[in-house]
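With mmCIF, C-alpha atoms and all ligand atoms inside, this is structure_24.cif:
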```cif
data_input
loop_
_atom_site.label_atom_id
_atom_site.label_comp_id
_atom_site.auth_asym_id
_atom_site.auth_seq_id
_atom_site.Cartn_x
_atom_site.Cartn_y
_atom_site.Cartn_z
CA MET A 180 177.17 203.62 176.26
CA LYS A 181 175.31 202.57 173.12
CA THR A 182 172.79 204.10 170.74
CA GLN A 183 171.59 203.66 167.17
CA VAL A 184 172.35 207.16 165.86
CA ALA A 185 174.91 209.50 167.47
CA ILE A 186 174.11 213.11 166.57
CA ILE A 187 176.87 215.71 166.88
CA GLY A 188 175.42 219.22 167.41
CA ALA A 189 172.17 220.47 168.93
CA GLY A 190 171.38 223.18 166.40
CA PRO A 191 168.19 222.91 164.37
CA SER A 192 169.62 220.07 162.22
CA GLY A 193 170.62 217.83 165.11
CA LEU A 194 167.52 218.45 167.20
CA LEU A 195 165.09 218.00 164.30
CA LEU A 196 166.75 214.75 163.20
CA GLY A 197 166.70 213.55 166.81
CA GLN A 198 163.02 214.37 167.17
CA LEU A 199 162.01 212.52 163.99
CA LEU A 200 164.12 209.48 164.94
CA SER A 201 162.79 209.40 168.51
CA ASN A 202 159.21 209.59 167.24
CA ALA A 203 159.95 206.57 165.02
CA GLY A 204 161.43 204.63 167.94
CA ILE A 205 165.03 204.92 166.69
CA ASP A 206 167.34 205.54 169.64
CA ASN A 207 169.64 208.56 169.39
CA VAL A 208 171.97 210.64 171.54
CA VAL A 209 172.78 214.31 170.87
CA ILE A 210 176.21 215.73 171.84
CA GLU A 211 176.57 219.53 171.84
CA ARG A 212 179.66 221.63 172.48
CA GLN A 213 177.85 224.64 173.96
CA SER A 214 175.35 225.14 176.79
CA PRO A 215 171.59 225.34 176.05
CA ASP A 216 171.59 229.09 176.85
CA TYR A 217 174.44 229.72 174.44
CA VAL A 218 172.63 227.82 171.66
CA LEU A 219 169.46 229.84 172.28
CA GLY A 220 171.38 233.13 172.34
CA ARG A 221 172.26 232.94 168.64
CA ILE A 222 170.11 235.15 166.42
CA ARG A 223 169.76 233.60 162.99
CA ALA A 224 167.35 233.80 160.05
CA GLY A 225 163.60 233.52 160.22
CA VAL A 226 161.96 232.43 156.95
CA LEU A 227 160.70 228.83 156.81
CA GLU A 228 159.82 227.21 153.48
CA GLN A 229 156.62 225.25 153.12
CA GLY A 230 158.61 221.98 153.14
CA MET A 231 160.24 222.79 156.47
CA VAL A 232 156.92 223.87 157.97
CA ASP A 233 155.43 220.54 156.91
CA LEU A 234 158.42 218.67 158.37
CA LEU A 235 158.10 220.47 161.74
CA ARG A 236 154.41 219.57 161.76
CA ALA A 237 155.21 215.93 160.97
CA ALA A 238 157.73 215.95 163.83
CA GLY A 239 155.02 217.17 166.20
CA VAL A 240 156.83 220.39 167.13
CA SER A 241 154.73 222.97 165.31
CA ALA A 242 152.14 224.05 167.91
CA ARG A 243 153.76 227.38 168.84
CA MET A 244 154.88 228.06 165.28
CA ASP A 245 151.32 227.54 164.05
CA ARG A 246 150.06 229.92 166.76
CA GLU A 247 152.68 232.64 166.61
CA GLY A 248 154.34 232.36 163.19
CA LEU A 249 153.33 234.78 160.44
CA VAL A 250 152.31 233.25 157.11
CA HIS A 251 153.55 235.45 154.27
CA ASP A 252 151.95 235.17 150.84
CA GLY A 253 154.54 237.37 149.16
CA PHE A 254 157.61 239.61 149.43
CA GLU A 255 158.90 242.72 147.70
CA LEU A 256 161.93 243.63 145.64
CA ALA A 257 162.88 247.33 145.66
CA PHE A 258 165.19 248.67 142.96
CA ASP A 259 165.57 251.72 140.77
CA GLY A 260 163.20 253.65 143.06
CA ARG A 261 160.39 251.08 142.51
CA ARG A 262 158.78 248.45 144.70
CA GLU A 263 157.67 245.21 143.05
CA ARG A 264 155.63 242.63 144.96
CA LEU A 265 155.94 238.92 144.17
CA ASP A 266 152.75 237.10 145.09
CA LEU A 267 154.25 233.77 146.14
CA LYS A 268 150.89 232.11 146.71
CA GLU A 269 149.51 232.97 143.31
CA LEU A 270 152.77 232.30 141.44
CA THR A 271 153.33 228.86 143.01
CA GLY A 272 149.79 227.52 143.05
CA GLY A 273 149.23 228.10 146.78
CA LYS A 274 152.63 227.89 148.50
CA THR A 275 153.67 230.41 151.16
CA VAL A 276 156.50 230.95 153.67
CA MET A 277 156.34 231.16 157.46
CA ILE A 278 158.07 233.91 159.41
CA TYR A 279 159.30 232.26 162.61
CA GLY A 280 162.81 232.71 164.03
CA GLN A 281 165.36 229.89 163.96
CA THR A 282 165.94 230.58 167.65
CA GLU A 283 162.27 229.77 168.31
CA VAL A 284 162.41 226.61 166.18
CA THR A 285 165.43 225.52 168.26
CA ARG A 286 163.68 226.35 171.55
CA ASP A 287 160.59 224.30 170.53
CA LEU A 288 162.80 221.36 169.55
CA MET A 289 164.71 221.55 172.85
CA VAL A 290 161.46 221.49 174.85
CA ALA A 291 160.16 218.53 172.82
CA ARG A 292 163.42 216.62 173.24
CA GLN A 293 163.40 217.14 176.97
CA ALA A 294 159.78 215.94 177.15
CA SER A 295 160.62 212.83 175.09
CA GLY A 296 163.30 211.81 177.58
CA ALA A 297 165.92 211.36 174.84
CA THR A 298 169.53 211.86 175.95
CA THR A 299 171.34 215.13 175.20
CA PHE A 300 174.79 216.03 176.49
CA TYR A 301 175.49 219.78 176.48
CA SER A 302 178.79 221.59 177.14
CA VAL A 303 180.90 218.77 175.65
CA PRO A 304 184.00 220.47 174.19
CA ASP A 305 185.98 217.45 173.00
CA ALA A 306 183.83 215.02 170.97
CA GLN A 307 185.98 212.79 168.73
CA LEU A 308 184.71 210.49 165.97
CA HIS A 309 186.26 207.03 165.46
CA GLU A 310 186.13 204.08 163.05
CA LEU A 311 184.06 205.96 160.50
CA LYS A 312 184.81 203.22 157.99
CA GLY A 313 185.39 200.50 160.57
CA GLU A 314 183.36 197.75 162.23
CA GLN A 315 182.31 199.75 165.28
CA PRO A 316 181.84 203.48 164.74
CA HIS A 317 181.90 205.40 168.02
CA VAL A 318 182.23 208.82 169.58
CA THR A 319 184.42 209.58 172.59
CA PHE A 320 184.15 212.64 174.85
CA THR A 321 184.59 213.84 178.41
CA LEU A 322 181.57 214.13 180.68
CA ASN A 323 181.93 215.51 184.22
CA GLY A 324 185.64 214.71 184.08
CA GLU A 325 185.10 211.08 182.95
CA SER A 326 185.94 209.64 179.52
CA VAL A 327 182.90 208.26 177.75
CA ARG A 328 182.65 206.00 174.70
CA LEU A 329 179.38 206.02 172.76
CA ASP A 330 179.01 203.11 170.30
CA CYS A 331 176.53 203.55 167.46
CA ASP A 332 175.43 202.37 164.03
CA HIS A 333 175.59 205.78 162.35
CA ILE A 334 176.90 209.26 163.13
CA ALA A 335 175.07 212.39 161.97
CA GLY A 336 177.44 215.37 161.74
CA CYS A 337 175.02 218.21 162.53
CA ASP A 338 177.69 220.42 164.08
CA GLY A 339 177.72 223.40 161.74
CA PHE A 340 180.45 224.91 159.59
CA HIS A 341 183.12 224.91 162.35
CA GLY A 342 182.28 221.48 163.75
CA VAL A 343 184.41 218.38 164.26
CA ALA A 344 182.52 216.02 161.92
CA ARG A 345 183.69 217.32 158.54
CA GLN A 346 187.22 217.70 159.94
CA SER A 347 187.22 214.00 160.94
CA ILE A 348 187.13 212.93 157.29
CA PRO A 349 190.66 212.16 156.00
CA GLN A 350 192.36 214.66 153.72
CA GLY A 351 191.80 214.10 150.04
CA VAL A 352 188.31 212.59 150.36
CA LEU A 353 186.28 215.78 150.12
CA THR A 354 186.12 218.32 147.33
CA GLU A 355 185.30 221.85 148.49
CA PHE A 356 183.56 224.50 146.43
CA GLU A 357 183.64 228.00 147.83
CA ARG A 358 182.96 231.66 147.13
CA VAL A 359 183.57 234.32 149.74
CA TYR A 360 181.77 237.59 149.01
CA PRO A 361 183.59 240.89 149.57
CA PHE A 362 180.97 242.19 152.04
CA GLY A 363 178.90 241.27 155.09
CA TRP A 364 175.46 241.98 156.54
CA LEU A 365 175.06 244.22 159.55
CA GLY A 366 171.84 243.11 161.28
CA VAL A 367 169.78 244.85 163.94
CA LEU A 368 166.98 243.34 166.02
CA ALA A 369 164.57 245.89 167.53
CA ASP A 370 161.22 245.97 169.29
CA THR A 371 159.55 248.16 166.69
CA PRO A 372 156.59 247.47 164.38
CA PRO A 373 157.64 246.29 160.87
CA VAL A 374 157.81 248.97 158.19
CA ASN A 375 155.87 246.69 155.83
CA GLU A 376 153.66 243.64 156.24
CA GLU A 377 156.01 241.61 154.05
CA LEU A 378 159.80 241.44 153.61
CA ILE A 379 161.50 244.01 151.36
CA TYR A 380 164.81 243.15 149.63
CA ALA A 381 166.37 246.38 148.31
CA ASN A 382 169.03 246.91 145.65
CA HIS A 383 170.48 250.42 146.06
CA GLU A 384 173.55 252.21 144.78
CA ARG A 385 174.73 252.58 148.41
CA GLY A 386 174.37 248.80 148.85
CA PHE A 387 171.81 246.12 149.69
CA ALA A 388 169.22 246.42 152.48
CA LEU A 389 166.61 244.01 153.88
CA CYS A 390 163.52 244.73 155.98
CA SER A 391 162.48 241.58 157.83
CA MET A 392 160.67 240.77 161.06
CA ARG A 393 160.16 238.22 163.80
CA SER A 394 156.64 239.24 164.93
CA PRO A 395 154.21 242.18 164.61
CA THR A 396 156.27 243.96 167.29
CA ARG A 397 159.81 242.81 166.55
CA THR A 398 161.86 243.68 163.47
CA ARG A 399 165.09 242.45 161.90
CA TYR A 400 166.79 244.83 159.47
CA TYR A 401 170.05 244.44 157.57
CA VAL A 402 172.39 246.65 155.54
CA GLN A 403 175.30 245.45 153.42
CA VAL A 404 178.65 246.60 154.87
CA GLY A 405 182.31 246.11 153.91
CA ALA A 406 183.88 242.75 154.79
CA GLU A 407 186.26 244.43 157.28
CA GLU A 408 183.59 246.59 158.96
CA GLN A 409 183.43 246.52 162.79
CA VAL A 410 180.10 246.50 164.60
CA GLU A 411 181.50 249.00 167.17
CA ASN A 412 181.56 251.61 164.42
CA TRP A 413 177.81 251.40 164.01
CA SER A 414 175.72 253.35 166.49
CA ASP A 415 171.98 252.73 166.29
CA GLU A 416 171.57 256.16 164.75
CA ARG A 417 174.12 255.47 162.02
CA PHE A 418 172.43 252.14 161.25
CA TRP A 419 168.94 253.63 160.96
CA ASN A 420 170.18 256.50 158.78
CA GLU A 421 171.98 254.10 156.45
CA LEU A 422 168.96 251.81 156.22
CA LYS A 423 166.63 254.73 155.40
CA SER A 424 168.99 256.01 152.71
CA ARG A 425 168.72 252.64 150.88
CA LEU A 426 164.92 252.29 150.96
CA PRO A 427 162.38 253.85 148.59
CA ASP A 428 161.34 257.31 149.93
CA GLU A 429 157.81 256.36 151.02
CA THR A 430 159.13 253.29 152.86
CA ALA A 431 161.91 255.27 154.58
CA ALA A 432 159.34 257.86 155.68
CA ARG A 433 157.27 255.15 157.40
CA LEU A 434 160.20 253.41 159.14
CA ILE A 435 159.85 253.39 162.92
CA THR A 436 163.22 253.20 164.67
CA GLY A 437 164.10 252.23 168.23
CA PRO A 438 166.99 250.95 170.35
CA SER A 439 168.67 247.80 169.02
CA ILE A 440 168.42 244.67 171.17
CA GLU A 441 171.03 242.81 169.11
CA LYS A 442 173.49 244.03 166.51
CA SER A 443 176.00 241.87 164.66
CA ILE A 444 177.86 241.47 161.38
CA ALA A 445 177.75 238.20 159.41
CA PRO A 446 180.09 237.39 156.50
CA LEU A 447 178.60 236.08 153.25
CA ARG A 448 179.83 232.81 151.84
CA SER A 449 178.78 230.05 149.43
CA TYR A 450 180.31 226.66 150.31
CA VAL A 451 179.63 223.01 149.46
CA VAL A 452 181.56 219.80 150.16
CA GLU A 453 181.15 216.67 148.13
CA PRO A 454 180.41 213.95 149.08
CA MET A 455 178.40 214.37 152.29
CA GLN A 456 178.98 210.80 153.48
CA TYR A 457 182.13 209.04 154.65
CA GLY A 458 181.51 205.50 155.83
CA HIS A 459 179.14 205.64 158.79
CA LEU A 460 179.29 209.47 158.99
CA PHE A 461 176.67 211.70 157.33
CA LEU A 462 177.14 215.47 157.16
CA VAL A 463 173.93 217.44 157.64
CA GLY A 464 173.15 221.18 157.27
CA ASP A 465 175.86 223.81 157.80
CA ALA A 466 178.46 221.06 158.38
CA ALA A 467 178.32 220.41 154.62
CA HIS A 468 177.19 223.66 153.04
CA ILE A 469 176.76 227.38 153.56
CA VAL A 470 174.67 229.81 151.53
CA PRO A 471 174.70 233.60 151.71
CA PRO A 472 171.52 234.65 153.59
CA THR A 473 170.00 236.51 150.65
CA GLY A 474 167.57 233.75 149.67
CA ALA A 475 166.85 232.66 153.28
CA LYS A 476 167.92 229.12 152.37
CA GLY A 477 170.41 228.06 155.11
CA LEU A 478 168.01 226.71 157.69
CA ASN A 479 165.70 225.31 155.03
CA LEU A 480 168.50 223.35 153.36
CA ALA A 481 169.42 221.90 156.74
CA ALA A 482 165.81 220.73 157.07
CA SER A 483 165.81 219.03 153.67
CA ASP A 484 169.05 217.19 154.53
CA VAL A 485 167.43 216.06 157.78
CA SER A 486 164.36 214.85 155.89
CA THR A 487 166.54 212.87 153.46
CA LEU A 488 168.64 211.21 156.18
CA TYR A 489 165.55 210.48 158.27
CA ARG A 490 163.67 208.86 155.37
CA ILE A 491 166.73 206.74 154.56
CA LEU A 492 167.33 205.65 158.18
CA LEU A 493 163.67 204.74 158.54
CA LYS A 494 164.01 202.31 155.63
CA VAL A 495 167.34 201.02 156.93
CA TYR A 496 165.86 200.15 160.33
CA ARG A 497 162.40 199.04 159.18
CA GLN A 498 163.21 197.26 155.93
CA GLY A 499 166.94 196.56 156.10
CA ARG A 500 167.54 198.83 153.11
CA HIS A 501 171.23 199.47 153.83
CA ASP A 502 171.76 200.10 150.11
CA LEU A 503 170.01 203.46 150.47
CA LEU A 504 172.71 204.88 152.78
CA GLU A 505 175.07 205.51 149.91
CA ARG A 506 172.44 207.54 148.08
CA TYR A 507 172.28 210.15 150.85
CA SER A 508 174.92 212.47 149.42
CA ALA A 509 173.68 212.49 145.82
CA VAL A 510 170.05 213.00 146.86
CA CYS A 511 170.96 215.94 149.12
CA LEU A 512 173.41 217.58 146.72
CA LYS A 513 170.86 217.79 143.91
CA ARG A 514 168.69 220.15 145.93
CA ILE A 515 171.62 221.87 147.66
CA TRP A 516 173.20 223.01 144.39
CA LYS A 517 169.89 224.48 143.23
CA ALA A 518 169.56 226.44 146.47
CA GLU A 519 173.22 227.49 146.16
CA ARG A 520 172.43 228.79 142.69
CA PHE A 521 169.39 230.77 143.85
CA SER A 522 171.20 232.27 146.85
CA TRP A 523 174.17 233.23 144.67
CA TRP A 524 171.83 234.76 142.08
CA MET A 525 169.87 236.78 144.64
CA THR A 526 173.17 237.93 146.18
CA SER A 527 174.58 238.89 142.77
CA MET A 528 171.44 240.79 141.76
CA LEU A 529 170.97 242.76 144.96
CA HIS A 530 174.42 243.73 146.29
CA LYS A 531 176.94 246.37 145.37
CA PHE A 532 180.26 244.68 144.50
CA PRO A 533 183.62 246.48 144.70
CA ASP A 534 183.76 246.45 140.89
CA THR A 535 180.12 247.49 140.41
CA ASP A 536 180.39 250.36 137.95
CA ALA A 537 177.60 252.29 136.24
CA PHE A 538 177.28 249.58 133.56
CA SER A 539 176.93 246.69 136.00
CA GLN A 540 174.48 248.70 138.10
CA ARG A 541 172.29 249.08 134.97
CA MET A 542 172.69 245.34 134.26
CA GLN A 543 171.45 244.46 137.77
CA GLN A 544 168.48 246.81 137.43
CA THR A 545 167.68 245.49 133.96
CA GLU A 546 167.87 241.86 135.04
CA LEU A 547 165.55 242.57 137.98
CA ASP A 548 163.23 244.55 135.69
CA TYR A 549 163.24 241.71 133.16
CA PHE A 550 162.47 239.03 135.75
CA VAL A 551 159.68 240.93 137.53
CA GLY A 552 158.24 242.04 134.19
CA SER A 553 157.80 238.50 132.91
CA GLU A 554 155.40 235.85 134.23
CA ALA A 555 158.09 233.19 133.72
CA GLY A 556 160.64 235.31 135.61
CA ARG A 557 158.29 235.97 138.53
CA LYS A 558 157.47 232.25 138.72
CA THR A 559 161.17 231.34 138.68
CA ILE A 560 161.89 233.59 141.66
CA ALA A 561 158.75 232.51 143.52
CA GLU A 562 159.22 228.74 143.16
CA ASN A 563 162.78 229.01 144.43
CA TYR A 564 161.87 231.33 147.29
CA VAL A 565 159.13 229.04 148.66
CA GLY A 566 161.55 226.14 148.24
CA LEU A 567 162.00 223.48 145.57
CA PRO A 568 160.40 220.09 146.29
CA TYR A 569 162.26 217.59 148.48
CA GLU A 570 163.99 214.93 146.37
CA PRO A 571 162.75 211.34 146.53
CA ILE A 572 165.28 208.91 148.06
CA GLU A 573 164.74 206.31 145.35
N1 LIG B 601 180.88 219.05 169.12
C1 LIG B 601 179.56 219.17 169.41
N2 LIG B 601 178.78 220.17 168.93
C2 LIG B 601 179.35 221.07 168.11
C3 LIG B 601 180.72 220.99 167.75
C4 LIG B 601 181.49 219.94 168.29
N3 LIG B 601 182.79 219.81 168.00
N4 LIG B 601 180.98 222.02 166.90
C5 LIG B 601 179.85 222.71 166.76
N5 LIG B 601 178.85 222.16 167.49
C6 LIG B 601 177.46 222.63 167.62
C7 LIG B 601 177.31 224.12 167.63
O1 LIG B 601 177.56 224.67 168.92
C8 LIG B 601 175.86 224.29 167.21
O2 LIG B 601 174.98 224.29 168.30
O3 LIG B 601 176.71 222.20 166.50
C9 LIG B 601 175.60 223.07 166.33
C10 LIG B 601 175.46 223.42 164.87
O4 LIG B 601 174.33 224.25 164.68
P1 LIG B 601 174.19 225.29 163.49
O5 LIG B 601 175.47 225.98 163.27
O6 LIG B 601 172.98 226.10 163.75
O7 LIG B 601 173.96 224.35 162.20
P2 LIG B 601 172.67 223.53 161.76
O8 LIG B 601 172.03 222.85 162.90
O9 LIG B 601 173.10 222.73 160.57
O10 LIG B 601 171.63 224.63 161.38
C11 LIG B 601 171.32 225.06 160.11
O11 LIG B 601 171.66 226.82 158.61
O12 LIG B 601 172.32 228.63 157.49
C12 LIG B 601 172.13 228.13 158.67
O13 LIG B 601 171.36 229.87 160.18
C13 LIG B 601 171.24 228.60 159.70
O14 LIG B 601 172.40 227.92 161.67
C14 LIG B 601 171.47 227.50 160.73
C15 LIG B 601 171.90 226.40 159.89
C1 LIG B 602 165.84 237.36 158.69
O1 LIG B 602 164.70 237.67 159.04
O2 LIG B 602 166.77 237.30 159.51
C2 LIG B 602 166.11 237.09 157.25
C3 LIG B 602 165.05 237.09 156.37
C4 LIG B 602 165.28 236.83 155.03
C5 LIG B 602 166.55 236.59 154.59
C6 LIG B 602 167.61 236.57 155.48
C7 LIG B 602 167.39 236.81 156.83
O3 LIG B 602 166.76 236.37 153.27
#
```
Output the structure of this file as structure tokens.
Ligand code: APR
Ligand code: PHB
Amino acid sequence: MKTQVAIIGAGPSGLLLGQLLSNAGIDNVVIERQSPDYVLGRIRAGVLEQGMVDLLRAAGVSARMDREGLVHDGFELAFDGRRERLDLKELTGGKTVMIYGQTEVTRDLMVARQASGATTFYSVPDAQLHELKGEQPHVTFTLNGESVRLDCDHIAGCDGFHGVARQSIPQGVLTEFERVYPFGWLGVLADTPPVNEELIYANHERGFALCSMRSPTRTRYYVQVGAEEQVENWSDERFWNELKSRLPDETAARLITGPSIEKSIAPLRSYVVEPMQYGHLFLVGDAAHIVPPTGAKGLNLAASDVSTLYRILLKVYRQGRHDLLERYSAVCLKRIWKAERFSWWMTSMLHKFPDTDAFSQRMQQTELDYFVGSEAGRKTIAENYVGLPYEPIE
């Protein structure tokens, strides 16, 4: 079997890259470890930056998002008993974010891929990458009991944090940068109307809380919990009580609760590997970096990596610009580190750390007060939240 670009992983990164390449007439094959149902069962974040919205539109997969997604012009920070709104649109000269679940983005991309007739192999547990620096890069795997070899020009490692692509790079090549936070987020999905029209990020002495949503009838709420906390210890009632205790009084009074339809705990981590290229292999999205969810940057960073690799491959295939391939990593990392910084800052400002004493609590409140009280501070938060511009490839 032969293709131009072999894509490992059918998450949002792999499927979006595949869609853009297929639209441009560049042949690609996607290989995914899990089944389609398993991929669609994962509940992930739901805030799309303007740049990602534009990219989905350019890929021709935005119809349902444009119909059902909620455009948000702002969000709120709650701290010290106050609520402060950041008007993203006004502060950024017209930029907004789109509330539309990652699961829905993935579903739309799956439907589009099926319609395009491009090849996808699901439930492949044993993909192996070969000759990453050699003459003939290829991927081998088992399909219906038969061994398959897929020859290609390039391999896109879109297989997430636990994937095979990054692990196929020899020891000593990559430098890892990591911070593991001493807490997690307990998230609940419920069919209840949102407590507020926009998202609320709350700093509270009991810990962080977030009020988010998926639609006018479906909410996603989170509370910070200890790193060792077990989801079994959290009844719906305990969750709702904890959430209410961390919100400003008037918000807590308006909160409508209901049975959870999904409840899970996610750890918080910052992680980057450098470089993101090894020979013919390019790492994309979670395969190369993780951000804590506080700035809603994970999915959006994956999209900007996809955009960078796509723009480079387009020039490689249309203009023979093979020289651009080695710029991939540096172009991506410039934007990734800025998003890492913002996510780390939001996490640091809003969470209770094990060593948060009365002094550091006042420092957090004062830093938030300083930022929201200054036009420059509000603009800094807003321009990062809507997403920094995509980097040019040359
Ligand atoms: N072979 C094939 N596929 C694999 C393998 C493997 N060895 N290992 C993992 N995969 C698949 C996973 O099953 C998953 O479907 O790769 C896909 C990776 O998808 P994601 O983890 O969603 O990563 P990505 O597509 O980069 O999405 C961006 O940013 O912060 C996050 O929540 C955000 O998950 C989102 C991510
Ligand atoms: C979500 O809706 O799941 C969500 C929203 C904003 C975040 C993180 C998660 O910062």
Subject >> Surrounding residues as a count of residues only, ligand LIG 602 (chain B), max 7 Å, only C-alpha atoms and all ligand atoms >> reply: 12
Subject >> Nearest-residue call for ligand LIG 601 (chain B), choices A:Glu377, A:Glu211, A:Glu416, A:Glu570, using all atoms listed in the file >> reply: A:Glu211
**OP:** List all protein, DNA and RNA residues that have at least one atom no more than 7 Å from any atom of ligand LIG 601 (chain B), counting only C-alpha atoms and all ligand atoms, and write them as a PyMOL selection string.
**Re:** chain A and resi 187-193+210-213+218+223-224+303-306+337-343+463-466+469-470+476-478+481
Original post:
Excluding same-chain residues fewer than 5 positions from Glu263 (chain A), what lies within 12 Å of it counting all atoms listed in the file, as a ChimeraX atom specification?
Top reply: /A:253-258,377-382,427,547-552,557
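Closest to Thr285 (chain A) among A:Asp216, A:Asp502, A:Asp332, A:Asp370 is A:Asp216, based on only C-alpha atoms.
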**OP:** Counting only C-alpha atoms, figure out which residue out of A:Thr396, A:Thr371, A:Ala294, A:Glu325 gets nearest to Glu247 (chain A).
**Re:**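 Comparing A:Thr396, A:Thr371, A:Ala294, A:Glu325 against Glu247 (chain A), the winner is A:Thr396.
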Subject >> Among the residues A:Met455, A:Val410, A:Ala242, A:Leu504, the one that comes closest to Val290 (chain A) [using all atoms listed in the file] >> reply: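 Answer, going by the shortest atom-to-atom distance: A:Ala242.
The shell of residues at most 7 Å from Pro316 (chain A), with only C-alpha atoms counted and near chain neighbours (fewer than 6 positions) removed, consists of His309, Glu310, Asp330, Cys331, Asp332 and His459 of chain A.
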Find the residues near Gln456 (chain A): any atom within 12 Å, counting only C-alpha atoms, skip ones fewer than 6 places away on the same chain, and give them as a PDB file with C-alpha atoms, in the coordinates of the input.
```pdb
ATOM      1  CA  LEU A 311     184.060 205.960 160.500  1.00  0.00           C
ATOM      2  CA  LYS A 312     184.810 203.220 157.990  1.00  0.00           C
ATOM      3  CA  HIS A 333     175.590 205.780 162.350  1.00  0.00           C
ATOM      4  CA  ILE A 334     176.900 209.260 163.130  1.00  0.00           C
ATOM      5  CA  ALA A 335     175.070 212.390 161.970  1.00  0.00           C
ATOM      6  CA  GLY A 336     177.440 215.370 161.740  1.00  0.00           C
ATOM      7  CA  ALA A 344     182.520 216.020 161.920  1.00  0.00           C
ATOM      8  CA  ARG A 345     183.690 217.320 158.540  1.00  0.00           C
ATOM      9  CA  SER A 347     187.220 214.000 160.940  1.00  0.00           C
ATOM     10  CA  ILE A 348     187.130 212.930 157.290  1.00  0.00           C
ATOM     11  CA  VAL A 352     188.310 212.590 150.360  1.00  0.00           C
ATOM     12  CA  LEU A 353     186.280 215.780 150.120  1.00  0.00           C
ATOM     13  CA  LEU A 462     177.140 215.470 157.160  1.00  0.00           C
ATOM     14  CA  VAL A 463     173.930 217.440 157.640  1.00  0.00           C
ATOM     15  CA  ALA A 466     178.460 221.060 158.380  1.00  0.00           C
ATOM     16  CA  ALA A 467     178.320 220.410 154.620  1.00  0.00           C
ATOM     17  CA  ASP A 484     169.050 217.190 154.530  1.00  0.00           C
ATOM     18  CA  LEU A 488     168.640 211.210 156.180  1.00  0.00           C
ATOM     19  CA  LEU A 503     170.010 203.460 150.470  1.00  0.00           C
ATOM     20  CA  LEU A 504     172.710 204.880 152.780  1.00  0.00           C
ATOM     21  CA  GLU A 505     175.070 205.510 149.910  1.00  0.00           C
ATOM     22  CA  ARG A 506     172.440 207.540 148.080  1.00  0.00           C
ATOM     23  CA  TYR A 507     172.280 210.150 150.850  1.00  0.00           C
ATOM     24  CA  SER A 508     174.920 212.470 149.420  1.00  0.00           C
ATOM     25  CA  ALA A 509     173.680 212.490 145.820  1.00  0.00           C
ATOM     26  CA  VAL A 510     170.050 213.000 146.860  1.00  0.00           C
ATOM     27  CA  CYS A 511     170.960 215.940 149.120  1.00  0.00           C
ATOM     28  CA  LEU A 512     173.410 217.580 146.720  1.00  0.00           C
TER      29      LEU A 512
END
```
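Considering all atoms listed in the file, the residue among A:Arg514, A:Glu554, A:Val209, A:Tyr457 positioned nearest to Val318 (chain A) is A:Val209.
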Subject >> Atomic separation - CA of Gly366 (chain A) relative to CA of Leu389 (chain A), Å >> reply: 9.1 Å
**OP:** Name the closest residue to Gly273 (chain A) among the candidates A:Ile572, A:Val327, A:Ala561, A:Leu196; distances are taken between atoms, counting only C-alpha atoms.
**Re:** A:Ala561
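Our summary of the geometry notes that CA of Met289 (chain A) is positioned 7.0 Å from CA of Leu194 (chain A).
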Subject >> Exercise: Ser295 (chain A) partners within 10 Å, all atoms listed in the file, chain neighbours under 6 positions left out, as a list in words >> reply: Gln198, Ser201, Asn202 and Met289 of chain A
Restrict the selected residues to C-alpha atoms and save them as a compact mmCIF listing (two decimals), in the frame of the given file.
```txt
# COMPACT_ATOMS: atom_id res chain seq x y z
CA GLN A 198 163.02 214.37 167.17
CA SER A 201 162.79 209.40 168.51
CA ASN A 202 159.21 209.59 167.24
CA MET A 289 164.71 221.55 172.85
```
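We find CA of Val402 (chain A) and CA of Val367 (chain A) to be spaced 9.0 Å apart.
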Original post:
Skipping near chain neighbours, those fewer than 3 positions away, what residues fall within 10 Å of Arg433 (chain A) using only C-alpha atoms, listed as a list in words?
Top reply: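 The filter keeps Pro373, Val374, Asn375, Lys423, Asp428, Glu429, Thr430 and Thr436 of chain A.
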Report as a tab-separated table: every residue of region 186-268 of chain A with an atom at most 12 Å from region 490-494 of chain A, its closest pair of atoms, and their distance in Å to one decimal, counting all atoms listed in the file, with rows sorted by chain and ascending residue number.
```
residue	atom	partner	partner_atom	distance
A:Leu196	CA	A:Arg490	CA	10.3
A:Gly197	CA	A:Leu492	CA	11.7
A:Leu199	CA	A:Arg490	CA	9.5
A:Leu200	CA	A:Leu493	CA	8.0
A:Ser201	CA	A:Leu493	CA	11.0
A:Asn202	CA	A:Leu493	CA	10.9
A:Ala203	CA	A:Leu493	CA	7.7
A:Gly204	CA	A:Leu493	CA	9.7
A:Ile205	CA	A:Leu493	CA	8.3
A:Asp206	CA	A:Leu492	CA	11.5
A:Asn207	CA	A:Leu492	CA	11.8
A:Leu234	CA	A:Arg490	CA	11.5
```
Where's the centre, and what are the edge lengths in Å to one decimal, of a box along x, y and z enclosing all listed atoms of region 237-242 of chain A padded 4 Å per side, as AutoDock Vina command-line options?
```
--center_x 154.9 --center_y 220.0 --center_z 164.4 --size_x 13.6 --size_y 16.1 --size_z 14.9
```
